[in-house]
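To start, the structure under review is shown below, and the notes come after it.
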Amino acid sequence: TAQVIVMGAAFRNARPWPWALRLRIQGGEITESESLLSSEASGYFADADRLLESDIIYDASVPPRRALDRAGLRAAADSYWEGLQSGNGELPKFHYRCDCFQNGAKITHNLRLLLSPDAAFHTCASAIKHAARSQPRVRERRYPVLDVERGVAAGFVTVDYCAAADAGQPEAVSSYVMSVIKVVDGRLRIIDEIRATLPFGATSGWS
């Protein structure tokens, strides 16, 4: 689709913040530019410093016999959001080594989160089940980059979360999310998200 995704950190007031960029290039010119700067730089669910270190796993190619085509990558990525919306952590097919990162912070298999508002130790599947108390609704799904050679599906979604004090969600908000998902053998191998908090019901502005 002549589009490219960048995920990393942008500096604001000499401090790194989780950041993502999408560009569409046509005829040698940039025709679309979409930038997302997270509303959190550090904490239990953000660690911008980690985004200064690139992970080679996204650059690694997937052997053809272990790769999916573009339609398969889209379906695999979409299964993650379908699972979140339905509260069914068994719906996405997670690789046994899969971990999820939000704004650079590892939110699965991390004992540090026992001190967070979630007060839980999560797998990728249990994190989805835990979020169900906020009744997430996923909308505006887009997958501008589906890289068959690398097994990467990159997309944007907006997620509405209802207030749920027992889930560490004191008020209703929406999250604007850029996700990068590595898929190997038809299973989600690693998930990275850059998230920005928006007023409940806000739209991304992109169709």
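Naming scheme: A, B, ... for chains in displayed order of the structure tokens; residues 1 onward per chain; ligands 1 onward as shown.
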Within 10 Å of stretch 17-26 of chain A, which residues of stretch 115-161 of chain A come that close, and what is the closest atom pair and distance in Å for each? Count only C-alpha atoms and give it as a tab-separated table.
residue	atom	partner	partner_atom	distance
A:Pro144	CA	A:Arg22	CA	8.5
A:Val145	CA	A:Arg22	CA	9.3
A:Ala154	CA	A:Arg22	CA	9.8
A:Gly155	CA	A:Arg22	CA	9.6
A:Phe156	CA	A:Arg22	CA	9.7
Hey, can you spit out that residue selection with N, CA and C atoms as a CSV table (one decimal), in the first residue's frame?
chain,number,residue,atom,x,y,z
A,144,PRO,N,-2.5,-0.6,7.7
A,144,PRO,CA,-1.8,-0.1,6.6
A,144,PRO,C,-0.5,-0.8,6.1
A,145,VAL,N,0.1,-1.6,7.1
A,145,VAL,CA,1.3,-2.3,6.7
A,145,VAL,C,1.1,-3.8,7.1
A,154,ALA,N,1.0,-4.2,11.1
A,154,ALA,CA,0.9,-2.9,11.8
A,154,ALA,C,-0.4,-2.2,11.6
A,155,GLY,N,-1.0,-1.8,12.6
A,155,GLY,CA,-2.4,-1.2,12.4
A,155,GLY,C,-2.7,-0.1,13.5
A,156,PHE,N,-3.8,0.6,13.2
A,156,PHE,CA,-4.3,1.6,14.1
A,156,PHE,C,-5.7,1.2,14.5
A:Leu198: which residues within 8 Å, counting only C-alpha atoms, same-chain residues fewer than 4 positions away excluded, as number ranges by chain?
-> A: 173-176, 202
Go ahead and save the picked residues with C-alpha atoms, as a PDB file, in the first residue's frame.
ATOM      1  CA  VAL A 173     -11.766   7.002  28.166  1.00  0.00           C
ATOM      2  CA  SER A 174     -10.781   6.122  24.623  1.00  0.00           C
ATOM      3  CA  SER A 175      -7.351   4.936  23.558  1.00  0.00           C
ATOM      4  CA  TYR A 176      -5.839   5.687  20.178  1.00  0.00           C
ATOM      5  CA  ALA A 202     -13.159  10.647  20.282  1.00  0.00           C
TER       6      ALA A 202
END
Mind checking which residues fall within 10 Å of A:Glu40, counting only C-alpha atoms, ignoring those fewer than 5 positions away in the same chain, and posting them as JSON, numbers by chain?
-> {"A": [17, 18, 45, 46, 47, 48, 103, 194, 195, 196, 197]}
Every residue of stretch 31-130 of chain A that DSSP places in helix (DSSP H, G or I), as a VMD selection string | chain A and resid 48 to 52 56 to 58 64 to 66 70 to 86 111 to 115 124 to 130
For stretch 94-97 of chain A, list every protein, DNA or RNA residue within 10 Å, evaluated using only C-alpha atoms, and leave out those in the same chain fewer than 6 positions away; present the list as an NGL selection string.
-> :A and (76 or 80 or 123-125 or 183-190)
What lies within 8 Å of stretch 107-115 of chain A using only C-alpha atoms, ignoring chain neighbours under 5 positions off, as a VMD selection string?
-> chain A and resid 44 to 45 99 to 102 120 to 124 127
Mind dumping the selected residues with N, CA and C atoms as a compact mmCIF listing (two decimals), in the first residue's frame?
# COMPACT_ATOMS: atom_id res chain seq x y z
N TYR A 44 3.76 2.23 35.21
CA TYR A 44 3.53 0.79 35.08
C TYR A 44 3.20 0.39 33.64
N PHE A 45 2.61 1.32 32.89
CA PHE A 45 2.17 0.99 31.54
C PHE A 45 2.84 1.87 30.48
N ASP A 99 4.67 -11.93 24.38
CA ASP A 99 4.54 -10.90 25.40
C ASP A 99 3.95 -9.66 24.76
N CYS A 100 3.33 -8.84 25.58
CA CYS A 100 2.71 -7.60 25.11
C CYS A 100 3.38 -6.41 25.78
N PHE A 101 3.67 -5.40 24.99
CA PHE A 101 4.31 -4.19 25.48
C PHE A 101 3.41 -2.99 25.16
N GLN A 102 3.24 -2.11 26.14
CA GLN A 102 2.47 -0.88 25.93
C GLN A 102 3.37 0.31 26.21
N ALA A 120 -2.04 -7.33 39.22
CA ALA A 120 -2.14 -8.68 38.66
C ALA A 120 -0.88 -9.03 37.88
N PHE A 121 -0.68 -10.34 37.74
CA PHE A 121 0.39 -10.88 36.89
C PHE A 121 -0.29 -11.49 35.68
N HIS A 122 0.00 -10.95 34.49
CA HIS A 122 -0.78 -11.32 33.32
C HIS A 122 0.01 -12.08 32.26
N THR A 123 -0.70 -12.99 31.60
CA THR A 123 -0.30 -13.50 30.31
C THR A 123 -1.03 -12.66 29.26
N CYS A 124 -0.74 -12.87 27.99
CA CYS A 124 -1.47 -12.13 26.95
C CYS A 124 -2.97 -12.43 27.02
N ALA A 127 -4.62 -10.85 30.27
CA ALA A 127 -4.74 -9.40 30.18
C ALA A 127 -6.01 -9.01 29.44
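Near A:Phe11, within 12 Å and counting only C-alpha atoms, sit A:Gly8, A:Ala9, A:Asn13, A:Ala14, A:Arg15, A:Pro16, A:Trp17, A:Pro18, A:Trp19, A:Leu37, A:Ser38, A:Ala41, A:Ala48, A:Asp49, A:Leu51, A:Leu52; same-chain residues fewer than 2 positions away were not included.
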Any idea what the distance is between atom CA of A:Thr31 and atom CA of A:Val177?
-> 21.5 Å
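Every protein, DNA or RNA residue with an atom at most 7 Å from A:Val138, where only C-alpha atoms count and chain neighbours fewer than 5 positions away do not, is listed here: Trp81, Gln85, Val157, Thr158, Val159 and Asp160 of chain A.
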So that I can check the secondary structure, give me every residue of stretch 12-179 of chain A assigned strand (DSSP E) by backbone DSSP, as a PDB file with N, CA and C atoms, in the first residue's frame.
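Final output, saved to out.pdb:
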ATOM      1  N   ARG A  12      10.500  15.391  23.887  1.00  0.00           N
ATOM      2  CA  ARG A  12       9.746  16.592  24.207  1.00  0.00           C
ATOM      3  C   ARG A  12      10.260  17.112  25.534  1.00  0.00           C
ATOM      4  N   ARG A  15      12.937  14.987  27.067  1.00  0.00           N
ATOM      5  CA  ARG A  15      12.542  13.708  27.658  1.00  0.00           C
ATOM      6  C   ARG A  15      11.903  12.850  26.582  1.00  0.00           C
ATOM      7  N   PRO A  16      12.263  11.545  26.516  1.00  0.00           N
ATOM      8  CA  PRO A  16      11.660  10.676  25.494  1.00  0.00           C
ATOM      9  C   PRO A  16      10.214  10.322  25.823  1.00  0.00           C
ATOM     10  N   TRP A  17       9.369  10.307  24.780  1.00  0.00           N
ATOM     11  CA  TRP A  17       7.967   9.915  24.911  1.00  0.00           C
ATOM     12  C   TRP A  17       7.668   8.865  23.852  1.00  0.00           C
ATOM     13  N   PRO A  18       6.864   7.853  24.180  1.00  0.00           N
ATOM     14  CA  PRO A  18       6.473   6.856  23.175  1.00  0.00           C
ATOM     15  C   PRO A  18       5.820   7.529  21.976  1.00  0.00           C
ATOM     16  N   TRP A  19       6.230   7.097  20.785  1.00  0.00           N
ATOM     17  CA  TRP A  19       5.832   7.811  19.568  1.00  0.00           C
ATOM     18  C   TRP A  19       5.719   6.840  18.415  1.00  0.00           C
ATOM     19  N   ALA A  20       4.777   7.114  17.515  1.00  0.00           N
ATOM     20  CA  ALA A  20       4.610   6.303  16.310  1.00  0.00           C
ATOM     21  C   ALA A  20       4.319   7.222  15.136  1.00  0.00           C
ATOM     22  N   LEU A  21       4.700   6.766  13.934  1.00  0.00           N
ATOM     23  CA  LEU A  21       4.507   7.555  12.723  1.00  0.00           C
ATOM     24  C   LEU A  21       4.097   6.644  11.580  1.00  0.00           C
ATOM     25  N   ARG A  22       3.114   7.109  10.804  1.00  0.00           N
ATOM     26  CA  ARG A  22       2.736   6.427   9.564  1.00  0.00           C
ATOM     27  C   ARG A  22       2.851   7.407   8.414  1.00  0.00           C
ATOM     28  N   LEU A  23       3.445   6.952   7.317  1.00  0.00           N
ATOM     29  CA  LEU A  23       3.534   7.763   6.109  1.00  0.00           C
ATOM     30  C   LEU A  23       2.992   6.975   4.928  1.00  0.00           C
ATOM     31  N   ARG A  24       2.283   7.662   4.047  1.00  0.00           N
ATOM     32  CA  ARG A  24       1.917   7.107   2.746  1.00  0.00           C
ATOM     33  C   ARG A  24       2.717   7.879   1.695  1.00  0.00           C
ATOM     34  N   ILE A  25       3.340   7.130   0.793  1.00  0.00           N
ATOM     35  CA  ILE A  25       4.203   7.738  -0.215  1.00  0.00           C
ATOM     36  C   ILE A  25       3.693   7.360  -1.593  1.00  0.00           C
ATOM     37  N   GLN A  26       3.383   8.353  -2.393  1.00  0.00           N
ATOM     38  CA  GLN A  26       2.887   8.128  -3.744  1.00  0.00           C
ATOM     39  C   GLN A  26       3.611   9.053  -4.707  1.00  0.00           C
ATOM     40  N   GLU A  29       6.337  11.277  -3.308  1.00  0.00           N
ATOM     41  CA  GLU A  29       5.975  12.339  -2.379  1.00  0.00           C
ATOM     42  C   GLU A  29       5.167  11.781  -1.211  1.00  0.00           C
ATOM     43  N   ILE A  30       5.317  12.386  -0.053  1.00  0.00           N
ATOM     44  CA  ILE A  30       4.523  12.021   1.121  1.00  0.00           C
ATOM     45  C   ILE A  30       3.133  12.621   0.964  1.00  0.00           C
ATOM     46  N   THR A  31       2.128  11.762   0.887  1.00  0.00           N
ATOM     47  CA  THR A  31       0.754  12.236   0.700  1.00  0.00           C
ATOM     48  C   THR A  31      -0.083  12.146   1.973  1.00  0.00           C
ATOM     49  N   GLU A  32       0.362  11.342   2.940  1.00  0.00           N
ATOM     50  CA  GLU A  32      -0.304  11.276   4.238  1.00  0.00           C
ATOM     51  C   GLU A  32       0.754  11.149   5.319  1.00  0.00           C
ATOM     52  N   SER A  33       0.527  11.819   6.433  1.00  0.00           N
ATOM     53  CA  SER A  33       1.419  11.730   7.585  1.00  0.00           C
ATOM     54  C   SER A  33       0.566  11.687   8.848  1.00  0.00           C
ATOM     55  N   GLU A  34       0.730  10.629   9.612  1.00  0.00           N
ATOM     56  CA  GLU A  34      -0.047  10.437  10.844  1.00  0.00           C
ATOM     57  C   GLU A  34       0.919  10.171  11.981  1.00  0.00           C
ATOM     58  N   SER A  35       0.865  10.989  13.011  1.00  0.00           N
ATOM     59  CA  SER A  35       1.788  10.865  14.132  1.00  0.00           C
ATOM     60  C   SER A  35       1.009  10.682  15.429  1.00  0.00           C
ATOM     61  N   LEU A  36       1.511   9.824  16.287  1.00  0.00           N
ATOM     62  CA  LEU A  36       0.862   9.526  17.562  1.00  0.00           C
ATOM     63  C   LEU A  36       1.902   9.665  18.668  1.00  0.00           C
ATOM     64  N   LEU A  37       1.663  10.566  19.599  1.00  0.00           N
ATOM     65  CA  LEU A  37       2.539  10.752  20.758  1.00  0.00           C
ATOM     66  C   LEU A  37       1.769  10.332  21.999  1.00  0.00           C
ATOM     67  N   SER A  42       6.252   7.333  31.339  1.00  0.00           N
ATOM     68  CA  SER A  42       6.808   6.369  32.297  1.00  0.00           C
ATOM     69  C   SER A  42       5.712   5.938  33.258  1.00  0.00           C
ATOM     70  N   GLY A  43       5.953   4.817  33.927  1.00  0.00           N
ATOM     71  CA  GLY A  43       4.980   4.269  34.864  1.00  0.00           C
ATOM     72  C   GLY A  43       4.810   2.782  34.643  1.00  0.00           C
ATOM     73  N   ALA A  46       4.001   2.386  30.809  1.00  0.00           N
ATOM     74  CA  ALA A  46       4.779   3.176  29.855  1.00  0.00           C
ATOM     75  C   ALA A  46       6.237   3.218  30.303  1.00  0.00           C
ATOM     76  N   ASP A  47       7.141   3.038  29.354  1.00  0.00           N
ATOM     77  CA  ASP A  47       8.581   3.123  29.642  1.00  0.00           C
ATOM     78  C   ASP A  47       9.283   3.541  28.355  1.00  0.00           C
ATOM     79  N   PHE A  94      -2.056 -17.194  20.631  1.00  0.00           N
ATOM     80  CA  PHE A  94      -0.800 -16.651  21.137  1.00  0.00           C
ATOM     81  C   PHE A  94       0.303 -17.712  21.104  1.00  0.00           C
ATOM     82  N   HIS A  95       1.468 -17.327  20.622  1.00  0.00           N
ATOM     83  CA  HIS A  95       2.655 -18.167  20.729  1.00  0.00           C
ATOM     84  C   HIS A  95       3.001 -18.303  22.211  1.00  0.00           C
ATOM     85  N   TYR A  96       3.576 -19.415  22.611  1.00  0.00           N
ATOM     86  CA  TYR A  96       3.846 -19.609  24.039  1.00  0.00           C
ATOM     87  C   TYR A  96       4.893 -18.632  24.567  1.00  0.00           C
ATOM     88  N   ARG A  97       5.642 -17.987  23.671  1.00  0.00           N
ATOM     89  CA  ARG A  97       6.626 -16.987  24.083  1.00  0.00           C
ATOM     90  C   ARG A  97       6.096 -15.560  23.915  1.00  0.00           C
ATOM     91  N   CYS A  98       4.832 -15.394  23.622  1.00  0.00           N
ATOM     92  CA  CYS A  98       4.293 -14.066  23.329  1.00  0.00           C
ATOM     93  C   CYS A  98       4.265 -13.178  24.572  1.00  0.00           C
ATOM     94  N   ASP A  99       4.671 -11.931  24.385  1.00  0.00           N
ATOM     95  CA  ASP A  99       4.543 -10.899  25.399  1.00  0.00           C
ATOM     96  C   ASP A  99       3.952  -9.658  24.759  1.00  0.00           C
ATOM     97  N   CYS A 100       3.328  -8.838  25.582  1.00  0.00           N
ATOM     98  CA  CYS A 100       2.709  -7.604  25.110  1.00  0.00           C
ATOM     99  C   CYS A 100       3.379  -6.411  25.784  1.00  0.00           C
ATOM    100  N   PHE A 101       3.674  -5.401  24.993  1.00  0.00           N
ATOM    101  CA  PHE A 101       4.311  -4.185  25.481  1.00  0.00           C
ATOM    102  C   PHE A 101       3.414  -2.994  25.160  1.00  0.00           C
ATOM    103  N   GLN A 102       3.238  -2.109  26.144  1.00  0.00           N
ATOM    104  CA  GLN A 102       2.474  -0.877  25.931  1.00  0.00           C
ATOM    105  C   GLN A 102       3.373   0.315  26.208  1.00  0.00           C
ATOM    106  N   ALA A 105       6.632  -0.455  27.856  1.00  0.00           N
ATOM    107  CA  ALA A 105       6.627  -1.223  29.108  1.00  0.00           C
ATOM    108  C   ALA A 105       6.074  -2.620  28.868  1.00  0.00           C
ATOM    109  N   LYS A 106       6.746  -3.611  29.435  1.00  0.00           N
ATOM    110  CA  LYS A 106       6.286  -4.988  29.335  1.00  0.00           C
ATOM    111  C   LYS A 106       5.135  -5.195  30.313  1.00  0.00           C
ATOM    112  N   ARG A 137     -14.663  -1.463  23.487  1.00  0.00           N
ATOM    113  CA  ARG A 137     -15.244  -1.506  22.150  1.00  0.00           C
ATOM    114  C   ARG A 137     -14.184  -1.017  21.174  1.00  0.00           C
ATOM    115  N   VAL A 138     -13.822  -1.861  20.216  1.00  0.00           N
ATOM    116  CA  VAL A 138     -12.741  -1.547  19.280  1.00  0.00           C
ATOM    117  C   VAL A 138     -13.338  -1.057  17.966  1.00  0.00           C
ATOM    118  N   ARG A 139     -12.893   0.081  17.491  1.00  0.00           N
ATOM    119  CA  ARG A 139     -13.425   0.651  16.259  1.00  0.00           C
ATOM    120  C   ARG A 139     -12.298   1.285  15.446  1.00  0.00           C
ATOM    121  N   GLU A 140     -12.649   1.757  14.254  1.00  0.00           N
ATOM    122  CA  GLU A 140     -11.689   2.421  13.358  1.00  0.00           C
ATOM    123  C   GLU A 140     -10.447   1.557  13.121  1.00  0.00           C
ATOM    124  N   ARG A 141     -10.660   0.310  12.831  1.00  0.00           N
ATOM    125  CA  ARG A 141      -9.516  -0.593  12.611  1.00  0.00           C
ATOM    126  C   ARG A 141      -8.920  -0.380  11.225  1.00  0.00           C
ATOM    127  N   ARG A 142      -7.624  -0.200  11.183  1.00  0.00           N
ATOM    128  CA  ARG A 142      -6.900  -0.044   9.917  1.00  0.00           C
ATOM    129  C   ARG A 142      -5.596  -0.823  10.006  1.00  0.00           C
ATOM    130  N   TYR A 143      -5.202  -1.457   8.913  1.00  0.00           N
ATOM    131  CA  TYR A 143      -3.947  -2.213   8.858  1.00  0.00           C
ATOM    132  C   TYR A 143      -3.149  -1.765   7.636  1.00  0.00           C
ATOM    133  N   PRO A 144      -2.488  -0.613   7.728  1.00  0.00           N
ATOM    134  CA  PRO A 144      -1.793  -0.068   6.563  1.00  0.00           C
ATOM    135  C   PRO A 144      -0.548  -0.839   6.147  1.00  0.00           C
ATOM    136  N   VAL A 145       0.067  -1.576   7.068  1.00  0.00           N
ATOM    137  CA  VAL A 145       1.286  -2.313   6.737  1.00  0.00           C
ATOM    138  C   VAL A 145       1.104  -3.784   7.094  1.00  0.00           C
ATOM    139  N   LEU A 146       1.172  -4.632   6.070  1.00  0.00           N
ATOM    140  CA  LEU A 146       1.110  -6.088   6.250  1.00  0.00           C
ATOM    141  C   LEU A 146       2.330  -6.655   5.519  1.00  0.00           C
ATOM    142  N   ASP A 147       3.386  -6.938   6.274  1.00  0.00           N
ATOM    143  CA  ASP A 147       4.680  -7.344   5.715  1.00  0.00           C
ATOM    144  C   ASP A 147       4.813  -8.865   5.787  1.00  0.00           C
ATOM    145  N   VAL A 152       4.866  -9.261   9.870  1.00  0.00           N
ATOM    146  CA  VAL A 152       4.473  -8.137  10.720  1.00  0.00           C
ATOM    147  C   VAL A 152       3.173  -7.516  10.217  1.00  0.00           C
ATOM    148  N   ALA A 153       2.241  -7.319  11.139  1.00  0.00           N
ATOM    149  CA  ALA A 153       0.995  -6.605  10.856  1.00  0.00           C
ATOM    150  C   ALA A 153       0.973  -5.360  11.730  1.00  0.00           C
ATOM    151  N   ALA A 154       0.955  -4.187  11.090  1.00  0.00           N
ATOM    152  CA  ALA A 154       0.928  -2.928  11.827  1.00  0.00           C
ATOM    153  C   ALA A 154      -0.397  -2.232  11.557  1.00  0.00           C
ATOM    154  N   GLY A 155      -1.039  -1.759  12.610  1.00  0.00           N
ATOM    155  CA  GLY A 155      -2.354  -1.161  12.427  1.00  0.00           C
ATOM    156  C   GLY A 155      -2.676  -0.100  13.451  1.00  0.00           C
ATOM    157  N   PHE A 156      -3.796   0.567  13.235  1.00  0.00           N
ATOM    158  CA  PHE A 156      -4.312   1.590  14.138  1.00  0.00           C
ATOM    159  C   PHE A 156      -5.742   1.226  14.514  1.00  0.00           C
ATOM    160  N   VAL A 157      -6.076   1.402  15.781  1.00  0.00           N
ATOM    161  CA  VAL A 157      -7.445   1.208  16.244  1.00  0.00           C
ATOM    162  C   VAL A 157      -7.756   2.270  17.297  1.00  0.00           C
ATOM    163  N   THR A 158      -9.028   2.468  17.545  1.00  0.00           N
ATOM    164  CA  THR A 158      -9.480   3.277  18.675  1.00  0.00           C
ATOM    165  C   THR A 158     -10.312   2.372  19.571  1.00  0.00           C
ATOM    166  N   VAL A 159     -10.023   2.402  20.863  1.00  0.00           N
ATOM    167  CA  VAL A 159     -10.707   1.519  21.817  1.00  0.00           C
ATOM    168  C   VAL A 159     -11.397   2.361  22.878  1.00  0.00           C
ATOM    169  N   ASP A 160     -12.698   2.160  23.049  1.00  0.00           N
ATOM    170  CA  ASP A 160     -13.467   2.821  24.107  1.00  0.00           C
ATOM    171  C   ASP A 160     -13.488   1.927  25.342  1.00  0.00           C
ATOM    172  N   TYR A 161     -13.172   2.507  26.498  1.00  0.00           N
ATOM    173  CA  TYR A 161     -13.208   1.780  27.767  1.00  0.00           C
ATOM    174  C   TYR A 161     -14.202   2.471  28.706  1.00  0.00           C
ATOM    175  N   VAL A 173     -12.718   6.362  29.065  1.00  0.00           N
ATOM    176  CA  VAL A 173     -11.766   7.002  28.166  1.00  0.00           C
ATOM    177  C   VAL A 173     -11.708   6.226  26.859  1.00  0.00           C
ATOM    178  N   SER A 174     -11.090   6.824  25.863  1.00  0.00           N
ATOM    179  CA  SER A 174     -10.781   6.122  24.623  1.00  0.00           C
ATOM    180  C   SER A 174      -9.274   6.103  24.446  1.00  0.00           C
ATOM    181  N   SER A 175      -8.772   5.048  23.850  1.00  0.00           N
ATOM    182  CA  SER A 175      -7.351   4.936  23.558  1.00  0.00           C
ATOM    183  C   SER A 175      -7.144   4.880  22.055  1.00  0.00           C
ATOM    184  N   TYR A 176      -6.239   5.708  21.575  1.00  0.00           N
ATOM    185  CA  TYR A 176      -5.839   5.687  20.178  1.00  0.00           C
ATOM    186  C   TYR A 176      -4.553   4.880  20.131  1.00  0.00           C
ATOM    187  N   VAL A 177      -4.555   3.770  19.384  1.00  0.00           N
ATOM    188  CA  VAL A 177      -3.479   2.784  19.488  1.00  0.00           C
ATOM    189  C   VAL A 177      -2.861   2.488  18.130  1.00  0.00           C
ATOM    190  N   MET A 178      -1.535   2.519  18.077  1.00  0.00           N
ATOM    191  CA  MET A 178      -0.804   1.951  16.942  1.00  0.00           C
ATOM    192  C   MET A 178      -0.176   0.653  17.433  1.00  0.00           C
ATOM    193  N   SER A 179      -0.500  -0.447  16.775  1.00  0.00           N
ATOM    194  CA  SER A 179       0.019  -1.744  17.191  1.00  0.00           C
ATOM    195  C   SER A 179       0.910  -2.345  16.116  1.00  0.00           C
TER     196      SER A 179
END
Can you work out which one of A:Ile57, A:Leu73, A:Ile191, A:Ala2 has the shortest atom-to-atom distance to A:Gly104, counting only C-alpha atoms?
-> A:Ile191
In terms of the shortest atom-to-atom distance over only C-alpha atoms, which of A:Ile128, A:Ile56, A:Ala163, A:Ala77 is closest to A:Val180?
-> A:Ala77
